[in-house]
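Student: Please see the structure below; I have some questions.
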Amino acid sequence: MDTRTLVMHQAMLGDRTRLRAYDDALAWAVRPGDVVIDVGAGLLVLGMLALKHGASHVYAIEGDPVTAAVAASIAEDNGLSGKLTVIHGDARTVDLPHKADVIVSELMGNIGPEEEMPEIIAAVAKRALAPGGRVVPQRLTTTLTAIEFDDEGWGVWSGDSLGYRLDAVQQYVEPAAHLHFFQRLPTRLSAAVPIGDSVLGSTENAVSTTARKLRITRPGTLHAVMGSFTATLAPGVTLSNFPSYPGCNWGVWIWPVRHTPVVDGDVLQAKVVLPEGVRVATDWQLECGISRRESS
């Protein structure tokens, strides 16, 4: 297992809030004797939680061959060979001997759907979920928010940073999405506006490329548009990467804009552009412009 993959799994396993949320969701979803499919099973934590909550068998499907081999060793070390089957393959095409009562997955990217989670879960549900079966998470929502940084990230390239002007940097940086982990909460200049709302297991899931209006609700300096997600795992159980929490393994995507003073009533028109065949959010583009509040 290469270092990047190992570090990724360390971060996910160290995210205790994430694990508690999935534990609570599986306690709701799994009934004694259920068959469970874990899509993108990784190192089997969700599959083992499903067994803890009464699943009779878990099919753990993992696309990466090295991770699947490590997962098989973990299953054997824990005496799970008769209860948990590790399968290396594409979950969308794997044939299983039984229909599943529950599908569980944690394929959320930093903005939610950029790892094709809605499409993958829909394909698996169509092939392998029994009538009346349950999916964890139930829903995945992606939002855009206009923000002002608190002297970090894109916010440092200002006309007064540490007593110096650094704003020339704004002219030279490529207009691409940045992954950001906040050290200090930014100021939200607008409400969060949904651009994607997927019921997982359904086939009608997509990020909207229609322009959205982010209405400015407080005066400040517009630094960026932030993309974040909320996953509803089960009734009353949610996970969000903004506002963040200690140990969160997800960042958020930031589309930087030229630092611009704004006031209550201004409207930022924001449109996500998805290049064909691109799933990595760094290549997602954002077109935006400001409509100024009319002066009285």
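Just remember, in the structure tokens the first chain shown is A, the second B, etc., residues are 1-based per chain, and ligands are 1-based in the order shown.
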In region 21-239 of chain A, what's strand (DSSP E or B) per DSSP? Answer as a VMD selection string?
Tutor: chain A and resid 35 to 39 57 to 62 84 to 88 100 to 105 109 112 129 to 136 139 to 148 161 164 178 to 180 187 to 188 190 193 to 199 212 to 216 220 to 234 237 to 239
Student: Using the selection just defined, write its residues with C-alpha atoms as an mmCIF file, in the first residue's frame.
Tutor:
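As a result, result.cif now contains:
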```
data_model
loop_
_atom_site.group_PDB
_atom_site.id
_atom_site.type_symbol
_atom_site.label_atom_id
_atom_site.label_comp_id
_atom_site.auth_asym_id
_atom_site.auth_seq_id
_atom_site.Cartn_x
_atom_site.Cartn_y
_atom_site.Cartn_z
ATOM 1 C CA VAL A 35 -27.311 -8.957 3.810
ATOM 2 C CA VAL A 36 -25.203 -5.804 3.369
ATOM 3 C CA ILE A 37 -23.127 -4.502 0.458
ATOM 4 C CA ASP A 38 -20.272 -2.160 1.367
ATOM 5 C CA VAL A 39 -19.397 -0.203 -1.792
ATOM 6 C CA HIS A 57 -23.255 -11.379 5.699
ATOM 7 C CA VAL A 58 -21.379 -8.421 4.224
ATOM 8 C CA TYR A 59 -20.117 -8.267 0.644
ATOM 9 C CA ALA A 60 -17.243 -5.771 0.762
ATOM 10 C CA ILE A 61 -16.512 -4.549 -2.763
ATOM 11 C CA GLU A 62 -13.258 -2.663 -3.304
ATOM 12 C CA LEU A 84 -17.647 -11.088 5.267
ATOM 13 C CA THR A 85 -16.605 -11.620 1.649
ATOM 14 C CA VAL A 86 -14.050 -9.227 0.134
ATOM 15 C CA ILE A 87 -14.517 -8.760 -3.615
ATOM 16 C CA HIS A 88 -12.057 -6.898 -5.819
ATOM 17 C CA ALA A 100 -28.888 -6.992 -0.376
ATOM 18 C CA ASP A 101 -31.110 -5.488 2.292
ATOM 19 C CA VAL A 102 -28.704 -2.592 2.868
ATOM 20 C CA ILE A 103 -26.117 -0.753 0.789
ATOM 21 C CA VAL A 104 -23.576 1.312 2.704
ATOM 22 C CA SER A 105 -20.876 3.478 1.195
ATOM 23 C CA GLY A 109 -15.517 13.682 -2.000
ATOM 24 C CA GLY A 112 -19.810 15.427 -2.226
ATOM 25 C CA LEU A 129 -30.805 -4.043 -3.732
ATOM 26 C CA ALA A 130 -33.859 -5.986 -2.621
ATOM 27 C CA PRO A 131 -37.284 -4.292 -2.735
ATOM 28 C CA GLY A 132 -37.657 -2.144 0.358
ATOM 29 C CA GLY A 133 -33.901 -2.114 0.903
ATOM 30 C CA ARG A 134 -32.116 0.765 2.604
ATOM 31 C CA VAL A 135 -29.182 2.916 1.508
ATOM 32 C CA VAL A 136 -26.661 4.657 3.779
ATOM 33 C CA ARG A 139 -29.123 11.779 0.626
ATOM 34 C CA LEU A 140 -26.182 13.881 -0.525
ATOM 35 C CA THR A 141 -26.498 17.665 -0.905
ATOM 36 C CA THR A 142 -23.878 20.006 -2.407
ATOM 37 C CA THR A 143 -23.970 23.751 -1.791
ATOM 38 C CA LEU A 144 -22.172 26.944 -2.781
ATOM 39 C CA THR A 145 -21.582 29.800 -0.330
ATOM 40 C CA ALA A 146 -19.971 33.210 -0.792
ATOM 41 C CA ILE A 147 -17.286 33.695 1.878
ATOM 42 C CA GLU A 148 -14.710 36.069 3.300
ATOM 43 C CA SER A 161 -1.302 41.560 4.862
ATOM 44 C CA TYR A 164 2.424 44.828 3.180
ATOM 45 C CA HIS A 178 -8.398 24.933 -4.293
ATOM 46 C CA LEU A 179 -8.774 22.323 -1.540
ATOM 47 C CA HIS A 180 -8.863 24.077 1.823
ATOM 48 C CA THR A 187 -17.437 34.802 7.353
ATOM 49 C CA ARG A 188 -20.412 33.566 5.350
ATOM 50 C CA SER A 190 -24.481 34.476 1.694
ATOM 51 C CA VAL A 193 -27.338 27.527 -2.058
ATOM 52 C CA PRO A 194 -27.820 23.915 -3.274
ATOM 53 C CA ILE A 195 -26.391 22.910 -6.651
ATOM 54 C CA GLY A 196 -26.913 19.176 -6.170
ATOM 55 C CA ASP A 197 -29.366 17.136 -4.104
ATOM 56 C CA SER A 198 -29.137 13.387 -4.677
ATOM 57 C CA VAL A 199 -31.365 10.709 -3.178
ATOM 58 C CA ARG A 212 -27.371 30.064 -8.971
ATOM 59 C CA LYS A 213 -27.978 33.363 -7.185
ATOM 60 C CA LEU A 214 -25.952 33.805 -4.005
ATOM 61 C CA ARG A 215 -27.597 36.805 -2.374
ATOM 62 C CA ILE A 216 -25.185 38.748 -0.162
ATOM 63 C CA GLY A 220 -17.690 42.403 3.675
ATOM 64 C CA THR A 221 -15.034 41.500 1.145
ATOM 65 C CA LEU A 222 -15.890 38.640 -1.167
ATOM 66 C CA HIS A 223 -12.842 36.363 -1.370
ATOM 67 C CA ALA A 224 -14.188 33.110 -2.762
ATOM 68 C CA VAL A 225 -17.072 30.767 -3.417
ATOM 69 C CA MET A 226 -16.977 27.656 -1.239
ATOM 70 C CA GLY A 227 -18.335 24.239 -2.203
ATOM 71 C CA SER A 228 -19.253 21.830 0.595
ATOM 72 C CA PHE A 229 -21.548 18.862 1.244
ATOM 73 C CA THR A 230 -24.004 17.436 3.736
ATOM 74 C CA ALA A 231 -24.770 13.724 3.782
ATOM 75 C CA THR A 232 -27.942 12.512 5.481
ATOM 76 C CA LEU A 233 -26.901 9.045 6.619
ATOM 77 C CA ALA A 234 -30.161 8.107 8.335
ATOM 78 C CA VAL A 237 -27.905 11.475 11.413
ATOM 79 C CA THR A 238 -25.937 13.870 9.203
ATOM 80 C CA LEU A 239 -22.309 14.526 8.265
#
```
Student: So that I can check the surroundings of Gly236 (chain A), please list as number ranges by chain every protein, DNA and RNA residue that reaches within 10 Å of it, counting only C-alpha atoms and ignoring chain neighbours fewer than 5 positions away.
Tutor: A: 21, 24-25
Student: Compare A:Leu162, A:Met1, A:Leu6, A:Leu46 by their minimum atom-to-atom distance to Arg20 (chain A), counting only C-alpha atoms, and give me the closest one.
Tutor: A:Leu46
Student: Write out as a list in words the residues lying within 12 Å of Arg16 (chain A), counting only C-alpha atoms and excluding same-chain residues fewer than 3 positions away.
Tutor: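 Skipping anything fewer than 3 positions along the chain leaves Gln10, Ala11, Met12, Leu13, Leu19, Arg20, Ala21, Tyr22, Asp23, Val45, Leu239, Tyr245, Pro246, Gly247, Cys248 and Asn249 of chain A.
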Student: What gap, in Å, lies between CA of Leu44 (chain A) and CA of Phe182 (chain A)?
Tutor: 29.1 Å
Student: Could you check how far CA of Glu116 (chain A) sits from CA of Gln183 (chain A), in Å to one decimal?
Tutor: 28.3 Å
Student: Which residue out of A:Thr203, A:Thr210, A:Thr217, A:Ser240 has the minimum interatomic distance to Leu286 (chain A) when only C-alpha atoms are used?
Tutor: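 When distances to Leu286 (chain A) are compared using only C-alpha atoms, the smallest one comes from A:Thr210.
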